Every structure is written in C-alpha cells, then in structure tokens.
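Next up, input02.cif (mmCIF, C-alpha atoms):
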```
data_upload
#
loop_
_atom_site.label_atom_id
_atom_site.label_comp_id
_atom_site.auth_asym_id
_atom_site.auth_seq_id
_atom_site.Cartn_x
_atom_site.Cartn_y
_atom_site.Cartn_z
CA MET P 1 -43.73 -13.44 6.03
CA LEU P 2 -42.27 -16.38 7.97
CA ALA P 3 -38.93 -14.60 8.29
CA LYS P 4 -40.67 -11.49 9.62
CA LEU P 5 -42.57 -13.52 12.22
CA MET P 6 -39.39 -15.31 13.26
CA SER P 7 -37.61 -11.96 13.53
CA LEU P 8 -40.28 -10.65 15.91
CA PHE P 9 -40.25 -13.88 17.91
CA LEU P 10 -36.46 -13.87 18.29
CA LEU P 11 -36.40 -10.20 19.17
CA GLY P 12 -38.92 -10.81 21.96
CA LEU P 13 -37.11 -13.93 23.17
CA ILE P 14 -33.68 -12.29 23.19
CA ARG P 15 -34.94 -9.25 25.04
CA ALA P 16 -36.77 -11.45 27.56
CA LEU P 17 -33.61 -13.50 28.22
CA THR P 18 -31.05 -10.70 28.18
CA GLY P 19 -32.73 -7.32 28.16
CA ALA P 20 -30.53 -6.51 25.14
CA GLN P 21 -29.94 -3.00 26.44
CA ALA P 22 -28.25 -0.54 24.09
CA ARG P 23 -26.16 2.22 25.64
CA TRP P 24 -25.21 4.94 23.19
CA GLN P 25 -22.33 6.56 25.09
CA GLY P 26 -20.26 8.09 22.31
CA CYS P 27 -22.65 8.49 19.39
CA PRO P 28 -26.40 8.49 18.72
CA PRO P 29 -28.22 5.69 16.89
CA LYS P 30 -28.03 7.22 13.43
CA ALA P 31 -28.98 5.76 10.04
CA GLU P 32 -25.59 6.26 8.40
CA GLN P 33 -23.25 3.65 6.99
CA ARG P 34 -21.21 2.20 9.82
CA ILE P 35 -18.89 -0.62 10.81
CA TYR P 36 -19.70 -1.64 14.37
CA PHE P 37 -16.73 -3.55 15.81
CA ALA P 38 -16.99 -5.39 19.11
CA ASN P 39 -15.47 -7.96 21.45
CA HIS P 40 -16.33 -11.59 20.72
CA GLN P 41 -16.94 -14.27 23.37
CA SER P 42 -19.99 -16.19 22.19
CA HIS P 43 -21.85 -17.30 19.07
CA ALA P 44 -24.72 -15.29 20.58
CA ASP P 45 -22.78 -12.03 20.10
CA LEU P 46 -24.20 -11.33 16.64
CA VAL P 47 -27.72 -12.05 17.90
CA LEU P 48 -27.42 -9.74 20.90
CA ILE P 49 -25.93 -6.77 19.04
CA TRP P 50 -28.59 -7.23 16.31
CA ALA P 51 -31.34 -7.14 18.95
CA ALA P 52 -29.82 -4.10 20.68
CA LEU P 53 -30.03 -1.95 17.55
CA PRO P 54 -33.23 0.03 16.94
CA ALA P 55 -35.43 -1.23 14.09
CA GLU P 56 -34.33 1.44 11.60
CA LEU P 57 -30.67 0.45 12.07
CA ARG P 58 -31.33 -3.29 12.23
CA SER P 59 -32.82 -3.20 8.75
CA ILE P 60 -29.62 -1.75 7.22
CA THR P 61 -27.03 -3.56 9.33
CA ARG P 62 -25.64 -7.01 8.55
CA PRO P 63 -23.73 -9.11 11.11
CA ILE P 64 -20.74 -11.24 10.19
CA ALA P 65 -21.33 -14.97 10.76
CA ALA P 66 -18.85 -17.85 10.75
CA LYS P 67 -19.89 -19.97 7.78
CA ASP P 68 -18.74 -23.30 9.25
CA TYR P 69 -20.89 -22.81 12.38
CA TRP P 70 -23.98 -21.01 11.07
CA THR P 71 -24.53 -23.29 8.06
CA LYS P 72 -24.20 -26.57 9.96
CA THR P 73 -27.95 -27.15 9.86
CA PRO P 74 -30.66 -25.93 7.45
CA PHE P 75 -32.37 -24.08 10.33
CA LYS P 76 -29.23 -22.17 11.36
CA GLN P 77 -28.61 -21.25 7.74
CA TRP P 78 -32.17 -20.07 7.26
CA ILE P 79 -32.07 -17.97 10.45
CA THR P 80 -28.83 -16.23 9.52
CA THR P 81 -29.88 -15.71 5.91
CA ALA P 82 -33.59 -14.85 6.13
CA VAL P 83 -33.76 -13.21 9.56
CA PHE P 84 -30.34 -11.65 10.25
CA ASN P 85 -29.28 -11.13 6.60
CA ALA P 86 -25.82 -12.16 7.78
CA ILE P 87 -22.60 -12.10 5.79
CA TYR P 88 -20.88 -15.48 5.86
CA VAL P 89 -17.12 -15.55 6.27
CA ASP P 90 -14.81 -18.56 6.06
CA ARG P 91 -12.67 -18.91 9.15
CA VAL P 92 -10.53 -21.49 7.39
CA LYS P 93 -9.06 -20.28 4.13
CA THR P 94 -9.74 -22.89 1.46
CA SER P 95 -9.14 -20.88 -1.72
CA GLU P 96 -7.42 -17.82 -3.10
CA GLN P 97 -10.52 -15.70 -2.48
CA ASP P 98 -9.95 -12.66 -0.27
CA PRO P 99 -11.80 -13.43 3.01
CA LEU P 100 -12.85 -9.77 3.14
CA GLU P 101 -14.59 -9.97 -0.23
CA PRO P 102 -18.12 -10.61 1.16
CA LEU P 103 -17.69 -7.67 3.57
CA ILE P 104 -16.42 -5.41 0.78
CA GLU P 105 -19.43 -6.31 -1.37
CA ALA P 106 -21.81 -5.49 1.49
CA LEU P 107 -20.16 -2.13 2.13
CA GLN P 108 -20.13 -1.32 -1.59
CA SER P 109 -23.89 -1.99 -1.57
CA GLY P 110 -24.35 0.61 1.17
CA ASP P 111 -24.94 -1.79 4.08
CA SER P 112 -23.59 -1.29 7.57
CA ILE P 113 -21.87 -4.30 9.12
CA ILE P 114 -21.16 -5.80 12.55
CA LEU P 115 -17.58 -7.04 12.74
CA PHE P 116 -15.64 -8.98 15.38
CA PRO P 117 -11.99 -8.05 14.69
CA GLU P 118 -10.58 -10.82 16.89
CA GLY P 119 -11.65 -13.24 14.17
CA THR P 120 -12.67 -15.94 16.64
CA ARG P 121 -14.21 -16.14 20.08
CA GLY P 122 -11.98 -15.44 23.06
CA ASN P 123 -12.21 -16.85 26.58
CA GLN P 124 -10.53 -13.99 28.42
CA GLU P 125 -12.16 -10.90 29.90
CA GLU P 126 -10.44 -8.63 27.38
CA PRO P 127 -10.45 -9.20 23.61
CA GLN P 128 -7.56 -10.85 21.81
CA PRO P 129 -5.38 -8.73 19.49
CA PHE P 130 -7.36 -7.50 16.50
CA LYS P 131 -6.67 -8.93 13.06
CA SER P 132 -6.02 -6.70 10.07
CA GLY P 133 -9.49 -6.84 8.48
CA LEU P 134 -10.84 -3.77 10.28
CA TYR P 135 -7.82 -1.70 9.22
CA ASN P 136 -8.07 -2.82 5.60
CA LEU P 137 -11.78 -2.04 5.43
CA ALA P 138 -11.26 1.35 7.07
CA LEU P 139 -8.69 2.27 4.42
CA LYS P 140 -10.89 1.06 1.57
CA PHE P 141 -14.02 2.80 2.88
CA PRO P 142 -12.82 6.01 4.58
CA ASN P 143 -16.33 7.51 4.66
CA VAL P 144 -17.85 4.63 6.62
CA VAL P 145 -18.11 5.48 10.34
CA LEU P 146 -16.22 3.10 12.67
CA VAL P 147 -18.11 2.58 15.93
CA PRO P 148 -16.56 0.55 18.80
CA ALA P 149 -18.89 -1.55 20.93
CA TRP P 150 -18.61 -3.59 24.11
CA ILE P 151 -20.91 -6.60 24.55
CA ASN P 152 -21.36 -7.32 28.25
CA ASN P 153 -22.35 -10.64 29.88
CA VAL P 154 -23.38 -12.52 26.72
CA GLN P 155 -20.81 -15.24 27.39
CA ARG P 156 -22.76 -16.07 30.56
CA VAL P 157 -26.01 -16.39 28.61
CA MET P 158 -24.58 -18.98 26.21
CA PRO P 159 -21.33 -20.37 27.65
CA LYS P 160 -19.05 -22.19 25.24
CA GLY P 161 -20.29 -25.74 24.74
CA GLU P 162 -23.78 -25.08 26.11
CA VAL P 163 -26.98 -25.22 24.05
CA VAL P 164 -29.55 -23.92 26.56
CA PRO P 165 -29.39 -20.15 27.22
CA VAL P 166 -29.46 -18.81 30.78
CA PRO P 167 -31.38 -15.57 31.53
CA ILE P 168 -28.76 -12.90 32.30
CA LEU P 169 -29.06 -9.12 31.91
CA CYS P 170 -26.83 -8.07 28.99
CA SER P 171 -25.96 -4.79 27.35
CA VAL P 172 -24.18 -3.38 24.32
CA THR P 173 -22.33 -0.10 24.82
CA PHE P 174 -21.57 1.93 21.69
CA GLY P 175 -18.65 4.33 21.91
CA THR P 176 -17.20 7.33 20.13
CA PRO P 177 -16.35 6.67 16.47
CA ILE P 178 -12.70 6.42 15.50
CA ALA P 179 -10.87 6.76 12.18
CA VAL P 180 -7.51 5.86 10.72
CA ALA P 181 -5.18 8.80 11.23
CA GLU P 182 -3.15 10.13 8.33
CA SER P 183 -0.19 7.79 7.67
CA GLU P 184 -1.16 5.64 10.67
CA GLU P 185 0.32 2.15 10.53
CA ARG P 186 -1.78 -0.97 10.84
CA GLY P 187 -0.45 -2.06 14.22
CA SER P 188 -0.98 1.33 15.80
CA PHE P 189 -4.55 1.60 14.52
CA LEU P 190 -5.54 -1.94 15.58
CA THR P 191 -4.16 -1.36 19.07
CA ARG P 192 -6.08 1.90 19.32
CA ALA P 193 -9.28 0.25 18.04
CA ARG P 194 -8.96 -2.56 20.59
CA GLU P 195 -8.38 -0.05 23.37
CA ALA P 196 -11.49 1.87 22.27
CA VAL P 197 -13.55 -1.31 22.74
CA ILE P 198 -11.97 -2.16 26.12
CA ALA P 199 -12.55 1.40 27.37
CA LEU P 200 -16.30 0.81 27.10
CA LYS P 201 -16.24 -2.16 29.47
CA ASP P 202 -16.80 -0.20 32.67
CA THR P 203 -18.87 2.70 31.34
#
```
Please express the file's structure as structure tokens.
Amino acid sequence: MLAKLMSLFLLGLIRALTGAQARWQGCPPKAEQRIYFANHQSHADLVLIWAALPAELRSITRPIAAKDYWTKTPFKQWITTAVFNAIYVDRVKTSEQDPLEPLIEALQSGDSIILFPEGTRGNQEEPQPFKSGLYNLALKFPNVVLVPAWINNVQRVMPKGEVVPVPILCSVTFGTPIAVAESEERGSFLTRAREAVIALKDT
C-alpha cells in the first residue's frame, strides 16, 4: 500500500516538474515484451522514462539502476525496489558473475526492461559509444522488440552534482524498433542502435 501511494506521489511530482511527455514516433505504446534503450545523462533518466510510460506498460517494465548509487541509502533502495521494481547492475565488476545476468533473468521472466547502453552517464549532447550488452541481449532474446528512445532535457532538471530538481519541460521520444540483421557484427549493430537513438533528438 505504501509503495502504491509513493508511486502515485512520484508520478504526480515528476509530471509536475517535467511534464514527462511521451512521444510515440515510430511505434505505439503496446503491451509486448520490449527492451527500451536510451541516452543517459542523469540519474533521473530511469525515473523520467518510467513516468513517461502509460500505466499498463509501467507495470511490466523494469528500469536498470546502478547498484552503487541506488542502494546508498535505505530510502533510495526502497524506492528502486518497491516503487520502480528496478534491476540492479554492478558498474564495477567485483566477481566472475556475468553483469548481464540480472537482465537475462528479468527477460526470461517476461519483463520488459529500460536499458542505457552507454553504461554510465555522459556529459555530451550525443551519447557515448554503446557497450556490448544490448547486442548480446538482442541475440539471446530475438523475439523481444528493441525500441530506441531519446530523453530530452532531463540533465537540466537534475544536473550532475545537484540534489534539488529544477522544473524543466522534458520528453521521451520512442522510435521505430530495430533488430539485429542476419550475420550482423556487434560493432555495426551498436553503431546503428546509437544512430537510431540520436535520430530521435530533433523529432
């Protein structure tokens, strides 16, 4: 009950601060298993894209959260676990465990996920080169729909190093799904996926 109330409160707060507008340019909001992959410039990215999704998609979609940041305090951990149902990933490899394992388990369970293929936040207008995780997941789950997304202005809402959000109109643009072509190499696919995200910037 508390998690549900917090979810409603955060949804209202996020939409009041940012508008959290969703623009479905290349595909409709459909309840099918998807990997949404987007640019990454702020810790608020997962919150904004979560808020932009309609309720029926929010309930089946799990964002990826950096474990070292989102478990720093009991409150952050509770929010990401109880409200966002996030998947924690280790940004610093400390064991032999495959860092994609939590994502693979979520996809095997039928969840959709929100992924930031850069792996860490960037400070440039365009995303950094994508890491191999998206390609590996696409090969392992060929029936999961890959949807590019561009998150606009969120870095101005919560600039790096700041703790107080600034009201700024933000949007998330969802593009046309892509897929790994037959015999396509990793580098070629990751470049094409990154370009699909960048192409949404000015739409």
Practice task
For the file shown, report as a PyMOL selection string the outcome of the PyMOL selection byres ((chain P and resi 173-185) around 7) at residue level.
Solution key: chain P and resi 22-27+138+145-151+171-172+186-189+200
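For the file shown, the residue list from the PyMOL selection byres ((chain P and resi 110) around 10) reads Glu32, Gln33, Arg34, Ile60, Thr61, Ile104, Glu105, Ala106, Leu107, Gln108, Ser109, Asp111, Ser112, Ile113 and Val144 of chain P.
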Practice task
Name the residues that the PyMOL selection byres ((chain P and resi 52) around 8) pulls out of this structure, and write them as an NGL selection string.
Solution key: :P and (20-22 or 48-51 or 53-54 or 171-172)
Exercise for the section: Give me, please, the distance in Å between atom CA of P:Met6 and atom CA of P:Phe75, quoted to one decimal. Expected result: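 Going from atom CA of P:Met6 over to atom CA of P:Phe75 covers 11.6 Å.
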Take every atom of stretch 54-68 of chain P listed in the file, pad by 8 Å on each side, and give me the axis-aligned box centre and edge lengths in Å, one decimal, as lines of an AutoDock Vina configuration file.
```
center_x = -27.1
center_y = -10.9
center_z = 12.1
size_x = 32.7
size_y = 40.7
size_z = 25.7
```
